[in-house]
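Quick look at target14.cif (mmCIF, C-alpha atoms):
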```cif
data_query
#
loop_
_atom_site.label_atom_id
_atom_site.label_comp_id
_atom_site.auth_asym_id
_atom_site.auth_seq_id
_atom_site.Cartn_x
_atom_site.Cartn_y
_atom_site.Cartn_z
CA MET A 20 22.37 70.52 230.48
CA PRO A 21 20.76 67.17 229.64
CA GLN A 22 22.95 64.11 229.45
CA LEU A 23 22.52 63.01 225.86
CA THR A 24 23.92 59.50 226.10
CA ASP A 25 24.29 56.93 228.81
CA GLN A 26 27.96 56.04 228.43
CA ASP A 27 27.63 52.91 230.54
CA ASN A 28 24.87 51.31 228.50
CA VAL A 29 24.07 50.41 224.95
CA ALA A 30 21.21 48.32 223.66
CA GLU A 31 22.17 45.25 221.69
CA LEU A 32 19.87 44.14 218.90
CA LEU A 33 20.19 40.69 217.37
CA ILE A 34 19.01 40.57 213.76
CA ASP A 35 19.51 37.18 212.14
CA ASP A 36 23.13 36.46 213.15
CA ARG A 37 24.17 40.10 213.40
CA HIS A 38 24.61 42.13 216.59
CA VAL A 39 23.80 45.85 216.36
CA GLU A 40 24.64 48.27 219.16
CA LEU A 41 22.28 51.21 219.70
CA PRO A 42 23.06 54.16 222.00
CA VAL A 43 20.96 54.68 225.14
CA VAL A 44 19.85 58.29 225.61
CA CYS A 45 19.17 59.66 229.10
CA GLY A 46 17.15 62.78 229.92
CA THR A 47 17.44 65.11 232.92
CA GLU A 48 14.76 63.15 234.81
CA ASN A 49 16.59 59.88 234.06
CA GLU A 50 14.19 58.89 231.32
CA ARG A 51 16.00 56.42 229.09
CA ALA A 52 15.46 55.77 225.42
CA ILE A 53 17.10 53.70 222.70
CA ASP A 54 18.38 55.89 219.88
CA ILE A 55 17.37 54.19 216.63
CA SER A 56 18.19 57.09 214.30
CA ARG A 57 20.85 55.00 212.49
CA LEU A 58 18.92 51.72 212.57
CA ARG A 59 17.74 51.81 208.95
CA SER A 60 21.08 52.88 207.50
CA GLU A 61 22.88 50.09 209.38
CA THR A 62 20.32 47.27 209.09
CA GLY A 63 17.75 48.21 206.46
CA LEU A 64 15.04 47.90 209.14
CA ILE A 65 12.73 50.41 210.78
CA THR A 66 10.67 50.13 213.95
CA LEU A 67 6.88 49.89 213.96
CA ASP A 68 4.99 51.61 216.78
CA GLU A 69 1.44 52.34 215.66
CA GLY A 70 0.17 55.45 217.42
CA TYR A 71 3.74 56.33 218.59
CA ARG A 72 2.93 55.27 222.18
CA ASN A 73 6.47 53.97 222.72
CA THR A 74 8.33 56.34 220.43
CA GLY A 75 10.19 59.47 221.46
CA SER A 76 10.04 61.76 218.44
CA VAL A 77 12.02 64.69 219.89
CA ARG A 78 14.31 65.90 222.64
CA SER A 79 12.35 68.67 224.35
CA ALA A 80 13.13 70.89 227.34
CA ILE A 81 9.59 72.26 227.81
CA THR A 82 7.35 69.87 229.76
CA PHE A 83 7.97 66.78 231.89
CA ILE A 84 5.33 64.15 232.68
CA ASP A 85 5.66 61.11 234.93
CA GLY A 86 2.45 59.25 234.19
CA GLU A 87 3.01 56.58 236.83
CA GLN A 88 3.44 59.11 239.65
CA GLY A 89 0.97 61.69 238.35
CA VAL A 90 3.61 64.43 237.89
CA LEU A 91 3.37 67.39 235.51
CA ARG A 92 5.98 70.15 235.38
CA TYR A 93 6.46 73.12 233.05
CA ARG A 94 10.19 73.87 232.65
CA GLY A 95 10.76 72.00 235.93
CA ILE A 96 8.11 73.83 237.98
CA PRO A 97 5.27 71.63 239.35
CA ILE A 98 1.85 72.37 237.91
CA GLU A 99 0.43 72.64 241.44
CA GLN A 100 2.68 75.64 242.17
CA LEU A 101 1.86 77.35 238.90
CA ALA A 102 -1.88 76.86 239.35
CA GLU A 103 -1.69 78.38 242.84
CA LYS A 104 0.79 81.23 242.34
CA SER A 105 1.19 82.09 238.66
CA THR A 106 -0.89 83.95 236.10
CA PHE A 107 -1.56 82.63 232.62
CA VAL A 108 0.69 85.25 230.99
CA GLU A 109 3.55 84.42 233.40
CA THR A 110 3.13 80.73 232.64
CA ALA A 111 3.08 81.43 228.91
CA LEU A 112 6.42 83.26 229.11
CA LEU A 113 7.85 80.43 231.22
CA LEU A 114 6.90 77.89 228.56
CA ILE A 115 8.06 79.97 225.60
CA TYR A 116 11.37 81.26 227.02
CA GLY A 117 12.26 78.75 229.72
CA GLU A 118 12.22 81.02 232.79
CA LEU A 119 9.64 82.90 234.83
CA PRO A 120 9.67 86.54 233.70
CA THR A 121 10.98 89.45 235.72
CA SER A 122 8.50 92.21 236.53
CA ASP A 123 9.89 94.36 233.71
CA ARG A 124 9.72 91.48 231.23
CA LEU A 125 6.17 90.67 232.28
CA LEU A 126 5.08 94.31 231.96
CA HIS A 127 6.66 94.53 228.50
CA PHE A 128 4.85 91.44 227.25
CA ARG A 129 1.54 92.59 228.70
CA GLU A 130 2.00 95.85 226.82
CA LEU A 131 2.53 93.84 223.63
CA LEU A 132 -0.66 91.87 224.31
CA ALA A 133 -2.60 95.11 224.75
CA GLU A 134 -1.02 96.60 221.61
CA HIS A 135 -2.07 93.63 219.46
CA GLU A 136 -5.47 92.72 220.93
CA MET A 137 -7.42 94.35 218.09
CA ILE A 138 -8.00 92.57 214.81
CA HIS A 139 -8.20 94.29 211.42
CA GLU A 140 -11.67 95.58 210.56
CA GLY A 141 -11.55 93.45 207.44
CA MET A 142 -11.40 90.39 209.64
CA ARG A 143 -14.38 91.59 211.66
CA ASN A 144 -16.38 91.62 208.45
CA SER A 145 -15.18 88.10 207.64
CA PHE A 146 -17.14 86.72 210.58
CA LEU A 147 -20.34 87.62 208.75
CA GLY A 148 -19.42 85.08 206.06
CA PHE A 149 -19.77 82.16 208.45
CA PRO A 150 -23.21 80.63 209.04
CA PRO A 151 -24.59 80.95 212.60
CA SER A 152 -24.43 77.15 212.87
CA GLY A 153 -20.71 77.08 212.06
CA HIS A 154 -18.60 75.42 214.75
CA PRO A 155 -16.36 77.90 216.61
CA MET A 156 -13.33 75.61 216.08
CA ALA A 157 -13.78 75.82 212.30
CA ILE A 158 -13.97 79.59 212.54
CA LEU A 159 -10.98 79.71 214.89
CA SER A 160 -8.66 77.71 212.63
CA SER A 161 -9.77 79.68 209.57
CA MET A 162 -9.26 83.02 211.28
CA ILE A 163 -5.82 82.14 212.67
CA ASN A 164 -4.72 81.47 209.10
CA THR A 165 -6.39 84.69 208.03
CA LEU A 166 -4.39 86.56 210.68
CA SER A 167 -1.27 85.76 208.70
CA CYS A 168 -2.65 87.80 205.81
CA TYR A 169 -2.90 90.87 208.04
CA ASN A 170 0.40 90.32 209.87
CA THR A 171 2.85 89.86 207.02
CA ASP A 172 5.57 91.74 208.88
CA VAL A 173 6.12 88.78 211.24
CA MET A 174 5.97 85.95 208.72
CA GLU A 175 9.76 85.88 208.44
CA MET A 176 11.52 85.56 211.80
CA GLU A 177 14.52 87.81 211.30
CA ASP A 178 15.30 88.11 215.01
CA GLU A 179 13.96 87.43 218.50
CA SER A 180 11.94 90.65 218.63
CA THR A 181 10.04 89.56 215.50
CA PHE A 182 9.26 86.21 217.10
CA GLU A 183 8.16 87.91 220.31
CA SER A 184 5.81 90.17 218.36
CA ALA A 185 4.34 87.20 216.47
CA ALA A 186 3.85 85.23 219.71
CA ALA A 187 2.16 88.18 221.43
CA ARG A 188 -0.13 88.74 218.46
CA LEU A 189 -1.27 85.12 218.39
CA MET A 190 -1.83 84.93 222.13
CA SER A 191 -3.70 88.23 222.18
CA LYS A 192 -5.75 87.94 219.03
CA ILE A 193 -6.92 84.38 219.65
CA ARG A 194 -9.08 85.75 222.49
CA THR A 195 -10.65 88.31 220.19
CA VAL A 196 -11.23 85.81 217.38
CA ALA A 197 -12.72 83.22 219.77
CA ALA A 198 -15.11 85.71 221.37
CA HIS A 199 -16.14 87.10 217.99
CA ALA A 200 -16.94 83.58 216.79
CA TYR A 201 -19.22 83.13 219.81
CA LYS A 202 -20.90 86.52 219.40
CA THR A 203 -21.53 85.81 215.72
CA SER A 204 -23.15 82.45 216.53
CA ILE A 205 -25.69 84.07 218.89
CA GLY A 206 -26.34 87.17 216.79
CA GLN A 207 -24.86 89.70 219.22
CA PRO A 208 -22.68 92.68 218.25
CA LEU A 209 -18.92 92.20 218.38
CA MET A 210 -17.17 93.90 221.28
CA TYR A 211 -13.84 95.68 221.13
CA PRO A 212 -11.11 94.68 223.62
CA GLU A 213 -10.32 96.88 226.63
CA PRO A 214 -6.54 97.45 226.89
CA ASP A 215 -6.62 98.16 230.64
CA LEU A 216 -8.10 94.75 231.53
CA SER A 217 -6.07 91.66 232.38
CA TYR A 218 -5.78 88.82 229.87
CA CYS A 219 -8.60 86.68 231.29
CA ARG A 220 -10.84 89.57 232.35
CA ASN A 221 -10.56 91.02 228.85
CA PHE A 222 -11.65 87.72 227.33
CA LEU A 223 -14.72 87.56 229.58
CA HIS A 224 -15.52 91.14 228.57
CA LEU A 225 -15.31 90.19 224.87
CA MET A 226 -17.55 87.18 225.49
CA PHE A 227 -20.26 88.61 227.72
CA SER A 228 -20.33 92.42 227.54
CA LEU A 229 -22.84 94.27 225.38
CA PRO A 230 -22.72 97.83 224.03
CA THR A 231 -25.40 98.66 226.61
CA ARG A 232 -23.98 96.67 229.55
CA ALA A 233 -20.44 95.92 230.67
CA HIS A 234 -19.80 92.47 232.10
CA GLU A 235 -18.22 92.58 235.57
CA PRO A 236 -16.93 89.09 236.44
CA ASP A 237 -16.28 87.96 239.99
CA PRO A 238 -12.52 87.98 240.78
CA ASP A 239 -12.70 84.29 241.71
CA VAL A 240 -14.17 83.53 238.29
CA VAL A 241 -11.33 85.44 236.61
CA ARG A 242 -8.82 83.52 238.71
CA ALA A 243 -10.51 80.21 237.90
CA LEU A 244 -10.29 80.96 234.18
CA SER A 245 -6.60 81.80 234.50
CA MET A 246 -6.04 78.53 236.37
CA PHE A 247 -7.94 76.60 233.68
CA LEU A 248 -5.73 78.09 230.95
CA ILE A 249 -2.57 77.35 232.95
CA LEU A 250 -3.55 73.69 233.37
CA HIS A 251 -4.08 73.37 229.61
CA ALA A 252 -1.04 75.39 228.50
CA ASP A 253 1.12 72.40 227.56
CA HIS A 254 1.16 68.63 227.87
CA GLU A 255 4.25 67.33 226.14
CA GLN A 256 3.94 65.58 222.74
CA ASN A 257 0.16 65.25 222.51
CA CYS A 258 -1.70 65.05 219.20
CA SER A 259 -2.11 68.79 218.58
CA THR A 260 1.38 69.73 219.79
CA SER A 261 2.96 67.02 217.66
CA THR A 262 0.94 68.41 214.75
CA VAL A 263 2.28 71.92 215.35
CA ARG A 264 5.83 70.57 215.48
CA MET A 265 5.29 68.46 212.35
CA VAL A 266 3.94 71.41 210.36
CA GLY A 267 6.55 73.77 211.78
CA SER A 268 9.36 71.41 210.76
CA SER A 269 8.47 72.12 207.13
CA GLY A 270 9.32 75.78 207.67
CA ALA A 271 5.65 76.80 207.83
CA ASN A 272 5.01 80.05 209.67
CA LEU A 273 3.80 80.23 213.27
CA PHE A 274 0.21 81.13 212.33
CA ALA A 275 -0.19 78.23 209.87
CA SER A 276 1.38 75.77 212.32
CA CYS A 277 -0.91 76.80 215.19
CA ALA A 278 -3.98 76.73 212.92
CA ALA A 279 -3.08 73.10 212.20
CA GLY A 280 -2.90 72.53 215.95
CA VAL A 281 -6.46 73.84 216.31
CA CYS A 282 -7.68 71.32 213.74
CA ALA A 283 -5.97 68.45 215.57
CA LEU A 284 -7.37 69.64 218.91
CA TRP A 285 -10.90 69.64 217.51
CA GLY A 286 -11.06 65.84 217.60
CA PRO A 287 -13.38 64.27 220.21
CA LEU A 288 -10.53 62.05 221.44
CA HIS A 289 -8.40 65.12 222.19
CA GLY A 290 -9.75 68.60 222.95
CA GLY A 291 -13.39 67.65 222.55
CA ALA A 292 -13.38 65.10 225.36
CA ASN A 293 -14.73 67.48 228.02
CA VAL A 294 -17.83 68.04 225.88
CA ALA A 295 -18.43 64.28 225.88
CA VAL A 296 -18.16 64.26 229.69
CA ILE A 297 -20.79 67.00 230.08
CA GLU A 298 -23.15 65.31 227.61
CA GLN A 299 -22.81 61.99 229.46
CA LEU A 300 -23.43 63.57 232.86
CA GLU A 301 -26.49 65.32 231.42
CA ARG A 302 -27.86 62.01 230.12
CA ILE A 303 -27.42 60.44 233.56
CA ARG A 304 -29.16 63.41 235.22
CA ARG A 305 -32.12 63.36 232.84
CA SER A 306 -32.58 59.61 233.10
CA GLY A 307 -32.30 59.51 236.89
CA GLU A 308 -30.43 56.23 236.49
CA ASP A 309 -28.77 54.61 239.48
CA LEU A 310 -25.03 55.17 239.20
CA GLY A 311 -24.27 51.62 240.29
CA LYS A 312 -26.20 50.28 237.30
CA PHE A 313 -24.48 52.75 234.99
CA VAL A 314 -21.05 51.65 236.24
CA GLU A 315 -22.00 48.00 235.70
CA ARG A 316 -22.85 48.80 232.08
CA VAL A 317 -19.45 50.45 231.72
CA LYS A 318 -17.75 47.34 233.11
CA GLN A 319 -19.72 45.18 230.68
CA LYS A 320 -18.46 47.48 227.87
CA GLN A 321 -22.04 48.47 227.05
CA GLU A 322 -21.21 52.08 227.81
CA LYS A 323 -18.04 54.16 227.65
CA LEU A 324 -17.13 56.27 230.68
CA PHE A 325 -15.78 59.59 229.51
CA GLY A 326 -13.25 61.56 231.56
CA PHE A 327 -11.53 58.50 233.06
CA GLY A 328 -8.18 57.11 232.03
CA HIS A 329 -5.37 58.76 230.09
CA GLY A 330 -2.85 57.71 227.48
CA VAL A 331 0.03 58.87 229.70
CA TYR A 332 -1.21 59.00 233.31
CA LYS A 333 -1.52 55.71 235.18
CA ASN A 334 -2.46 57.64 238.28
CA TYR A 335 -4.80 60.51 239.15
CA ASP A 336 -4.25 63.31 236.61
CA PRO A 337 -2.80 66.17 238.73
CA ARG A 338 -4.77 68.70 236.70
CA ALA A 339 -8.04 66.94 237.59
CA GLN A 340 -7.27 67.22 241.30
CA ILE A 341 -6.73 70.97 241.00
CA LEU A 342 -9.89 71.47 238.94
CA ARG A 343 -11.97 69.42 241.37
CA GLU A 344 -11.14 71.83 244.19
CA HIS A 345 -11.69 75.01 242.18
CA VAL A 346 -15.08 73.98 240.79
CA THR A 347 -16.47 73.86 244.32
CA LYS A 348 -14.93 77.22 245.20
CA VAL A 349 -16.34 78.99 242.14
CA LEU A 350 -19.84 77.55 242.50
CA SER A 351 -19.88 78.41 246.20
CA LYS A 352 -18.73 81.98 245.55
CA LEU A 353 -21.42 82.43 242.89
CA GLY A 354 -24.06 80.90 245.14
CA ARG A 355 -24.90 78.17 242.66
CA GLN A 356 -25.32 74.42 242.68
CA ASP A 357 -24.64 72.24 239.67
CA PRO A 358 -26.32 68.81 239.72
CA LEU A 359 -23.69 67.60 237.25
CA LEU A 360 -20.97 68.20 239.85
CA ASP A 361 -22.86 66.07 242.36
CA ILE A 362 -23.20 63.27 239.82
CA ALA A 363 -19.53 63.57 238.84
CA ARG A 364 -18.37 63.27 242.43
CA ARG A 365 -20.59 60.29 243.16
CA LEU A 366 -19.46 58.64 239.94
CA GLU A 367 -15.81 59.26 240.83
CA ASP A 368 -16.31 57.80 244.30
CA VAL A 369 -17.93 54.66 242.92
CA ALA A 370 -15.21 54.19 240.30
CA LEU A 371 -12.27 54.82 242.63
CA HIS A 372 -13.46 52.09 245.00
CA ASP A 373 -14.08 49.50 242.31
CA ASP A 374 -11.33 47.00 241.47
CA TYR A 375 -12.32 47.12 237.79
CA PHE A 376 -11.19 50.74 237.50
CA ILE A 377 -8.32 50.53 239.99
CA SER A 378 -6.73 47.52 238.24
CA ARG A 379 -6.94 49.33 234.89
CA ASN A 380 -5.55 52.63 236.21
CA LEU A 381 -8.77 54.42 235.25
CA TYR A 382 -8.62 57.63 237.26
CA PRO A 383 -10.29 60.97 236.49
CA ASN A 384 -8.45 63.03 233.89
CA VAL A 385 -8.48 66.78 233.24
CA ASP A 386 -11.61 66.55 231.08
CA PHE A 387 -13.74 65.10 233.88
CA TYR A 388 -14.01 68.40 235.77
CA SER A 389 -12.95 71.03 233.22
CA GLY A 390 -16.36 71.17 231.53
CA ILE A 391 -18.12 71.68 234.88
CA LEU A 392 -15.78 74.58 235.67
CA LEU A 393 -16.43 76.17 232.28
CA ARG A 394 -20.19 75.80 232.89
CA ALA A 395 -19.78 77.66 236.18
CA ILE A 396 -17.91 80.47 234.40
CA GLY A 397 -20.71 80.69 231.84
CA ILE A 398 -18.92 79.30 228.80
CA PRO A 399 -21.31 77.48 226.40
CA THR A 400 -20.57 73.87 225.50
CA ASN A 401 -19.64 74.53 221.87
CA MET A 402 -16.86 76.84 223.11
CA TYR A 403 -15.19 74.30 225.42
CA THR A 404 -12.64 73.13 222.85
CA VAL A 405 -11.96 76.74 221.87
CA MET A 406 -11.09 77.44 225.52
CA PHE A 407 -8.67 74.51 225.38
CA ALA A 408 -7.06 76.06 222.27
CA ILE A 409 -6.63 79.44 223.98
CA GLY A 410 -4.92 77.72 226.89
CA ARG A 411 -2.73 75.53 224.69
CA MET A 412 -1.53 78.38 222.47
CA PRO A 413 1.63 79.23 224.50
CA GLY A 414 2.60 75.55 224.52
CA TRP A 415 2.23 75.39 220.74
CA ILE A 416 4.29 78.55 220.37
CA ALA A 417 7.01 77.15 222.65
CA HIS A 418 7.23 73.90 220.70
CA TRP A 419 7.24 75.72 217.33
CA LYS A 420 10.13 77.84 218.63
CA GLU A 421 11.98 74.76 219.87
CA VAL A 422 11.72 73.20 216.41
CA ARG A 423 12.92 76.40 214.75
CA ASP A 424 15.81 76.93 217.15
CA SER A 425 17.02 73.34 216.81
CA ASN A 426 17.33 73.63 213.01
CA SER A 427 15.86 70.14 212.80
CA ARG A 428 15.20 68.40 209.52
CA ILE A 429 11.64 68.11 208.27
CA TYR A 430 9.74 65.43 210.18
CA ARG A 431 9.20 62.41 207.98
CA PRO A 432 8.00 59.15 209.60
CA ARG A 433 8.43 55.84 207.79
CA GLN A 434 5.79 53.16 207.31
CA VAL A 435 5.37 49.44 206.80
CA TYR A 436 3.58 49.05 203.47
CA THR A 437 0.74 46.46 203.45
CA GLY A 438 -0.82 47.11 200.03
CA PRO A 439 -0.64 45.03 196.80
CA ARG A 440 2.69 43.99 195.38
CA GLU A 441 3.74 45.21 191.93
CA ARG A 442 1.09 44.54 189.29
CA ASP A 443 0.33 45.68 185.76
CA TYR A 444 -2.08 48.35 184.70
CA VAL A 445 -5.33 46.91 183.26
CA ASP A 446 -6.90 48.76 180.31
CA LEU A 447 -10.39 50.09 180.88
CA GLU A 448 -12.13 47.61 178.56
CA TRP A 449 -10.68 44.65 180.47
CA ARG A 450 -11.63 45.73 184.00
#
```

Just give me the structure as structure tokens.
Amino acid sequence: MPQLTDQDNVAELLIDDRHVELPVVCGTENERAIDISRLRSETGLITLDEGYRNTGSVRSAITFIDGEQGVLRYRGIPIEQLAEKSTFVETALLLIYGELPTSDRLLHFRELLAEHEMIHEGMRNSFLGFPPSGHPMAILSSMINTLSCYNTDVMEMEDESTFESAAARLMSKIRTVAAHAYKTSIGQPLMYPEPDLSYCRNFLHLMFSLPTRAHEPDPDVVRALSMFLILHADHEQNCSTSTVRMVGSSGANLFASCAAGVCALWGPLHGGANVAVIEQLERIRRSGEDLGKFVERVKQKQEKLFGFGHGVYKNYDPRAQILREHVTKVLSKLGRQDPLLDIARRLEDVALHDDYFISRNLYPNVDFYSGILLRAIGIPTNMYTVMFAIGRMPGWIAHWKEVRDSNSRIYRPRQVYTGPRERDYVDLEWR
């Protein structure tokens, strides 16, 4: 159990001539925080931390990150072990329930995923209402909300079995919805899921099979996709996860909360960053520009280098290291070469030996190689953020459950008002 307070330490705050003592909270990894939950009631003051970069908004038992050491663990298990040994479904159950599943538990949940992989035929028709140019993330968020209309039996969480059914439906149906959005955008017929296929293999079938030709992916490609989803399954209190928790704290259902997470993930500073990396690498390839000159422009702030640096990691993102190795393996197995991978590696080598980047802790992050891996698998660029959402779904579900189980109050941040002081209304003729 986590130690909730550090009995030997309190923080003393001096406000005017008054001393205020604030408890020090200590987590299981010896992270320490000052508990300010009674600050306003005792002093009339609040704290200001724009962007929440120094604010702990929750106590969570799901994911641990040490940004200085480049450590990422799900429920205590290092991400390197999960990427090597686990499957995406196993990892999802670990995140949601706190322990790796037994073989019986895993089989049961896989059966639930197969049971709920279809979507209502009415929803299939709904895809025709979107224009071919519609972004898959817009369709995804809309359709996750629409799922709630066809799954009314799990809107109220009467017991754990109801929650389990809702979680399985979301995890299973998001694959179908995502693939249907892609098929609609390219004018191909929608494919039905195959219940005998694994989670990732089934998704590739939905994406790339045709009524006249079944897609048979290489096992290494299937494994690479599973690894990609595992690496994206959770990442502590990021923008989209905080959004899911915020919406869920209002009592909103699981579908609505996760649809809000999709919208937050859509942003180019969050889930869309790997698209920016691919577009930048493509520009460098087309121009034939010397990488040394490109890096100099970055250092002069004439160009932004995408895929380097992270809001939490001050070291090499452990997910980027794993992806870097698997990209090579997949391309080699498929007998392909990707010029973007060559450029990315040369760019990384230049940056990692330059004091400008080293002194600023600008190391490759997960987005730097994830787009190249998705290219190797055959995923089109406009689906990259959708792939992120599929991977992040179990993390969102786990955090929504943690909010529900904690019976927390609705999240309600304060603000420091900077607008006009009180003034009188001016009648229209005098304005």

Selection dump of the PyMOL selection byres ((chain A and resi 258-270) around 10), as an NGL selection string: :A and (70 or 76-77 or 253-257 or 271-286 or 288-290 or 408 or 411-412 or 414-423 or 425-431)

Any idea what the distance is between CA of His251 in chain A and CA of Asp386 in chain A? 10.3 Å

Here CA of Lys323 in chain A and CA of Ala370 in chain A stand apart by 13.0 Å

Selection near Ile84 in chain A, 9 Å with all atoms listed in the file, sequence-local residues under 2 positions removed, as a list of chain:residue names: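 Returned residues: A:Thr82, A:Gly86, A:Glu87, A:Gln88, A:Gly89, A:Val90, A:Leu91, A:Arg92, A:His254, A:Glu255, A:Val331, A:Tyr332.
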
Output the selection as a CSV table (one decimal), keeping the file's coordinate frame - C-alpha atoms for each residue.
```
chain,number,residue,atom,x,y,z
A,82,THR,CA,7.4,69.9,229.8
A,86,GLY,CA,2.4,59.2,234.2
A,87,GLU,CA,3.0,56.6,236.8
A,88,GLN,CA,3.4,59.1,239.6
A,89,GLY,CA,1.0,61.7,238.4
A,90,VAL,CA,3.6,64.4,237.9
A,91,LEU,CA,3.4,67.4,235.5
A,92,ARG,CA,6.0,70.2,235.4
A,254,HIS,CA,1.2,68.6,227.9
A,255,GLU,CA,4.2,67.3,226.1
A,331,VAL,CA,0.0,58.9,229.7
A,332,TYR,CA,-1.2,59.0,233.3
```

Polymer residues at most 12 Å from Ser122 in chain A, all atoms listed in the file, same-chain spacing of 3 or more positions, as an MDAnalysis selection string: chainID A and resid 108:109 112 119 125:129

Output as JSON lines one row per residue of range 56-93 of chain A within 10 Å of range 31-47 of chain A: the closest atom pair and its distance in Å to one decimal place, counting only C-alpha atoms, sorted by chain and residue number ascending.
```
{"residue": "A:Ser56", "atom": "CA", "partner": "A:Leu41", "partner_atom": "CA", "distance": 9.0}
{"residue": "A:Arg57", "atom": "CA", "partner": "A:Leu41", "partner_atom": "CA", "distance": 8.3}
{"residue": "A:Leu58", "atom": "CA", "partner": "A:Leu41", "partner_atom": "CA", "distance": 7.9}
{"residue": "A:Glu61", "atom": "CA", "partner": "A:Val39", "partner_atom": "CA", "distance": 8.2}
{"residue": "A:Thr62", "atom": "CA", "partner": "A:Val39", "partner_atom": "CA", "distance": 8.2}
{"residue": "A:Leu64", "atom": "CA", "partner": "A:Ile34", "partner_atom": "CA", "distance": 9.5}
{"residue": "A:Arg78", "atom": "CA", "partner": "A:Gly46", "partner_atom": "CA", "distance": 8.4}
{"residue": "A:Ser79", "atom": "CA", "partner": "A:Gly46", "partner_atom": "CA", "distance": 9.4}
{"residue": "A:Ala80", "atom": "CA", "partner": "A:Thr47", "partner_atom": "CA", "distance": 9.1}
{"residue": "A:Phe83", "atom": "CA", "partner": "A:Thr47", "partner_atom": "CA", "distance": 9.7}
```

Taking the file above as input, evaluate the PyMOL selection byres ((chain A and resi 379) around 12) and report the hits as a ChimeraX atom specification. /A:318,327-330,332-334,370-371,373-378,380-382

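Between CA of Leu223 in chain A and CA of Val241 in chain A there is a distance of 8.1 Å.
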
Using all atoms listed in the file, which residues of range 252-305 of chain A come within 12 Å of range 344-362 of chain A, and what is the closest atom pair for each, with the distance in Å to one decimal? Give it as CSV, sorted by chain and residue number.
```
residue,atom,partner,partner_atom,distance
A:Val296,CA,A:Leu359,CA,9.9
A:Ile297,CA,A:Leu359,CA,7.8
A:Glu298,CA,A:Leu359,CA,9.9
A:Gln299,CA,A:Leu359,CA,9.6
A:Leu300,CA,A:Leu359,CA,6.0
A:Glu301,CA,A:Leu359,CA,6.9
A:Arg302,CA,A:Leu359,CA,10.0
A:Ile303,CA,A:Ile362,CA,8.1
A:Arg304,CA,A:Leu359,CA,7.2
A:Arg305,CA,A:Leu359,CA,10.4
```

Please identify all polymer residues within 8 Å of Val385 in chain A, counting all atoms listed in the file, omitting same-chain residues fewer than 2 positions from it, and present them as number ranges by chain. A: 326, 336-339, 342, 383, 387-389

Store the residues of this selection in a file with C-alpha atoms, as a tab-separated table (two decimals), keeping the file's coordinate frame.
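This is the output file part-v1.tsv:
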```
chain	number	residue	atom	x	y	z
A	326	GLY	CA	-13.25	61.56	231.56
A	336	ASP	CA	-4.25	63.31	236.61
A	337	PRO	CA	-2.80	66.17	238.73
A	338	ARG	CA	-4.77	68.70	236.70
A	339	ALA	CA	-8.04	66.94	237.59
A	342	LEU	CA	-9.89	71.47	238.94
A	383	PRO	CA	-10.29	60.97	236.49
A	387	PHE	CA	-13.74	65.10	233.88
A	388	TYR	CA	-14.01	68.40	235.77
A	389	SER	CA	-12.95	71.03	233.22
```

Expand the PyMOL selection byres ((chain A and resi 185) around 12) into the individual residues it matches in the shown file, reporting them as a ChimeraX atom specification. /A:128,131-132,134-135,163,166-167,169-184,186-192,272-274,277,413,416,419-420

So which residues are close to (0.9, 73.4, 241.3), meaning at most 10 Å away in the file's coordinates with all atoms listed in the file counted, and can you show them as a ChimeraX atom specification? /A:90-93,96-105,246,249-250,337-338,341

Polymer residues at most 8 Å from Pro151 in chain A, only C-alpha atoms, same-chain spacing of 6 or more positions, as number ranges by chain: A: 203-206

Pick the closest to Phe222 in chain A from A:Asp309, A:Asp368, A:Glu136, A:Asp237: which is it, counting all atoms listed in the file? A:Glu136

All residues 9 Å or closer to Ile396 in chain A, all atoms listed in the file, same chain fewer than 2 positions away omitted, as a count of residues only: 12

From the set A:Tyr444, A:Leu248, A:Tyr71, A:Val196, which residue has the shortest atom-to-atom contact distance to Glu140 in chain A, counting all atoms listed in the file? A:Val196

From A:Arg94, A:His139, A:Gly397, A:Arg316, residue lying nearest Phe227 in chain A [only C-alpha atoms]: A:Gly397

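Nearest residue to Met406 in chain A among A:Thr165, A:Ser306, A:Gln319, A:Ser245 is A:Ser245, counting all atoms listed in the file.
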